[in-house]
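Chemist: My questions will all concern the structure given below.
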Amino acid sequence: MLEEDEELSYDTAAPQRNSAALSTLEAADAVIAVVGADPVSITRLLRDHSRLEELGVQELHVIVNRVGAPVPGDRLRDLIASRMQVDSLHLLPDDPVACRTAVWDGALLSEAAPRSPLRRGLRDIAASMLVPAAEDDGAAGEPEAGASPAPARGWRERVLERARR
């Protein structure tokens, strides 16, 4: 929720976090909104979208977490896409068994449930949000004077290979 009035949010002497969050949103190049697949979360996302636009957010990526019965993913995708413009929309399935297994084993999701639909969804999101390497966009030649050195050749491939495991 994007509240500006700290007095409305707290009844104690709590830290003034809302103004810091609003400043961060105003300065962000892109925002990733992660919401639950429940009516309250989706309603808040739709309501706060206009506030994000007022803050100058131009690139918005939405991740809907714990998607599953009784509302299918296609219905959620259509609902969000019909009411707001987003740069990308990702749906992550509800997979409590894989998550519990990873927690109880003290392991990463990729170790405890490598073929889990949730794990595949997270991998796909990570791969889609990676900045393409210079060799992928056809850029060649020497970097401009004063430019940061290019990342090590093949970093993207290494990250994607790790994600595939």
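Letters for chains follow the order of the structure tokens (A, B, ...), residue numbers begin at 1 for each chain, and ligand numbers begin at 1 in the order shown.
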As an MDAnalysis selection string, list the residues of range 74-144 of chain A assigned to strand (DSSP E or B) by DSSP on the backbone atoms of this structure.

Modeler: chainID A and resid 88:93

Chemist: So which residues of range 5-141 of chain A fall under helix (DSSP H, G or I) by DSSP, listed as an MDAnalysis selection string?

Modeler: chainID A and resid 6:9 17:27 39:54 73:83 96:105 109:112 117:129 134:136

Chemist: Which is closer to Gly121 in chain A than all the others in A:Ile80, A:Ala20, A:Val31, A:Leu91, using only C-alpha atoms?

Modeler: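 Going through A:Ile80, A:Ala20, A:Val31, A:Leu91 one by one, the smallest distance to Gly121 in chain A is for A:Leu91.
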
Chemist: Record the distance separating CA of Ala126 in chain A and CA of Ala113 in chain A, expressed in Å with one decimal.

Modeler: 17.3 Å

Chemist: With distances taken over only C-alpha atoms, which residue among A:His90, A:Arg77, A:Arg164, A:Arg83 lies nearest Val62 in chain A?

Modeler: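 Checking each candidate against Val62 in chain A, we get A:His90 as the closest.
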
Chemist: Just how far from CA of Ser88 in chain A is CA of Asp48 in chain A, in Å to one decimal?

Modeler: 17.0 Å

Chemist: Using CA of Ala107 in chain A and CA of Arg120 in chain A as the two end points, give the distance in Å to one decimal.

Modeler: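 Atom-to-atom, CA of Ala107 in chain A and CA of Arg120 in chain A are spaced 16.3 Å apart.
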
Chemist: Which of these residues is nearest to Val71 in chain A, using only C-alpha atoms: A:Val86, A:Ala127, A:Asp38, A:Glu161?

Modeler: A:Asp38

Chemist: I want to know what sits within 9 Å of range 110-112 of chain A, based on only C-alpha atoms, with residues of the same chain fewer than 4 positions away left out; could you give that as an mmCIF file with all heavy atoms, in the first residue's frame?

Modeler:
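Result went into part.cif, see below:
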data_model
loop_
_atom_site.group_PDB
_atom_site.id
_atom_site.type_symbol
_atom_site.label_atom_id
_atom_site.label_comp_id
_atom_site.auth_asym_id
_atom_site.auth_seq_id
_atom_site.Cartn_x
_atom_site.Cartn_y
_atom_site.Cartn_z
ATOM 1 N N ALA A 98 6.937 -28.353 -2.634
ATOM 2 C CA ALA A 98 8.335 -28.087 -2.991
ATOM 3 C C ALA A 98 8.961 -27.101 -2.010
ATOM 4 O O ALA A 98 10.113 -27.280 -1.584
ATOM 5 C CB ALA A 98 8.421 -27.545 -4.416
ATOM 6 N N CYS A 99 8.223 -26.079 -1.611
ATOM 7 C CA CYS A 99 8.754 -25.078 -0.675
ATOM 8 C C CYS A 99 9.017 -25.690 0.701
ATOM 9 O O CYS A 99 10.073 -25.460 1.297
ATOM 10 C CB CYS A 99 7.792 -23.897 -0.556
ATOM 11 S SG CYS A 99 7.701 -22.914 -2.069
ATOM 12 N N THR A 101 9.557 -28.840 1.378
ATOM 13 C CA THR A 101 10.671 -29.781 1.244
ATOM 14 C C THR A 101 11.995 -29.037 1.305
ATOM 15 O O THR A 101 12.922 -29.461 2.007
ATOM 16 C CB THR A 101 10.556 -30.565 -0.082
ATOM 17 O OG1 THR A 101 9.323 -31.272 -0.094
ATOM 18 C CG2 THR A 101 11.715 -31.523 -0.259
ATOM 19 N N ALA A 102 12.108 -27.926 0.580
ATOM 20 C CA ALA A 102 13.350 -27.150 0.584
ATOM 21 C C ALA A 102 13.650 -26.614 1.977
ATOM 22 O O ALA A 102 14.790 -26.683 2.445
ATOM 23 C CB ALA A 102 13.252 -26.008 -0.425
ATOM 24 N N VAL A 103 12.633 -26.102 2.666
ATOM 25 C CA VAL A 103 12.841 -25.565 4.010
ATOM 26 C C VAL A 103 13.273 -26.669 4.970
ATOM 27 O O VAL A 103 14.244 -26.518 5.715
ATOM 28 C CB VAL A 103 11.565 -24.852 4.516
ATOM 29 C CG1 VAL A 103 11.666 -24.522 6.000
ATOM 30 C CG2 VAL A 103 11.316 -23.588 3.716
ATOM 31 N N ASP A 105 14.650 -29.488 4.329
ATOM 32 C CA ASP A 105 15.965 -30.024 3.970
ATOM 33 C C ASP A 105 17.073 -28.992 4.147
ATOM 34 O O ASP A 105 18.248 -29.324 4.033
ATOM 35 C CB ASP A 105 15.978 -30.516 2.517
ATOM 36 C CG ASP A 105 15.140 -31.764 2.318
ATOM 37 O OD1 ASP A 105 14.722 -32.376 3.330
ATOM 38 O OD2 ASP A 105 14.890 -32.124 1.149
ATOM 39 N N GLY A 106 16.692 -27.730 4.383
ATOM 40 C CA GLY A 106 17.691 -26.669 4.468
ATOM 41 C C GLY A 106 18.416 -26.498 3.155
ATOM 42 O O GLY A 106 19.618 -26.265 3.111
ATOM 43 N N SER A 116 10.360 -28.707 -10.079
ATOM 44 C CA SER A 116 9.152 -28.061 -9.568
ATOM 45 C C SER A 116 8.672 -26.974 -10.535
ATOM 46 O O SER A 116 9.476 -26.219 -11.081
ATOM 47 C CB SER A 116 9.467 -27.426 -8.207
ATOM 48 O OG SER A 116 8.564 -26.413 -7.899
ATOM 49 N N ARG A 119 9.946 -23.643 -9.359
ATOM 50 C CA ARG A 119 11.365 -23.448 -9.657
ATOM 51 C C ARG A 119 11.555 -23.066 -11.124
ATOM 52 O O ARG A 119 12.313 -22.165 -11.464
ATOM 53 C CB ARG A 119 12.119 -24.733 -9.316
ATOM 54 C CG ARG A 119 13.616 -24.561 -9.135
ATOM 55 C CD ARG A 119 14.302 -24.599 -10.389
ATOM 56 N NE ARG A 119 15.745 -24.510 -10.250
ATOM 57 C CZ ARG A 119 16.484 -24.711 -11.289
ATOM 58 N NH1 ARG A 119 15.965 -25.019 -12.433
ATOM 59 N NH2 ARG A 119 17.773 -24.593 -11.190
ATOM 60 N N ARG A 120 10.824 -23.734 -12.018
ATOM 61 C CA ARG A 120 10.905 -23.391 -13.448
ATOM 62 C C ARG A 120 10.408 -21.973 -13.685
ATOM 63 O O ARG A 120 10.974 -21.230 -14.479
ATOM 64 C CB ARG A 120 10.118 -24.395 -14.276
ATOM 65 C CG ARG A 120 10.817 -25.732 -14.425
ATOM 66 C CD ARG A 120 10.180 -26.596 -15.516
ATOM 67 N NE ARG A 120 8.745 -26.736 -15.378
ATOM 68 C CZ ARG A 120 8.120 -27.739 -14.762
ATOM 69 N NH1 ARG A 120 8.831 -28.711 -14.215
ATOM 70 N NH2 ARG A 120 6.812 -27.798 -14.696
ATOM 71 N N ALA A 163 20.877 -21.889 -14.088
ATOM 72 C CA ALA A 163 19.427 -21.880 -13.881
ATOM 73 C C ALA A 163 18.770 -23.124 -14.466
ATOM 74 O O ALA A 163 17.741 -23.580 -13.961
ATOM 75 C CB ALA A 163 18.813 -20.625 -14.495
ATOM 76 N N ARG A 165 19.923 -26.110 -14.403
ATOM 77 C CA ARG A 165 20.210 -27.296 -13.593
ATOM 78 C C ARG A 165 19.138 -27.586 -12.608
ATOM 79 O O ARG A 165 18.376 -26.882 -12.154
ATOM 80 C CB ARG A 165 21.517 -27.130 -12.845
ATOM 81 C CG ARG A 165 22.685 -27.111 -13.783
ATOM 82 C CD ARG A 165 23.961 -27.097 -12.987
ATOM 83 N NE ARG A 165 24.953 -26.373 -13.768
ATOM 84 C CZ ARG A 165 25.951 -25.724 -13.261
ATOM 85 N NH1 ARG A 165 26.136 -25.677 -11.982
ATOM 86 N NH2 ARG A 165 26.807 -25.121 -14.018
#

Chemist: Looking at only C-alpha atoms, which of A:Ser41, A:Glu53, A:Leu46, A:Leu122 is the one that sits closest to Ala81 in chain A?

Modeler: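 Residue with the minimum atom-to-atom distance to Ala81 in chain A: A:Leu46.
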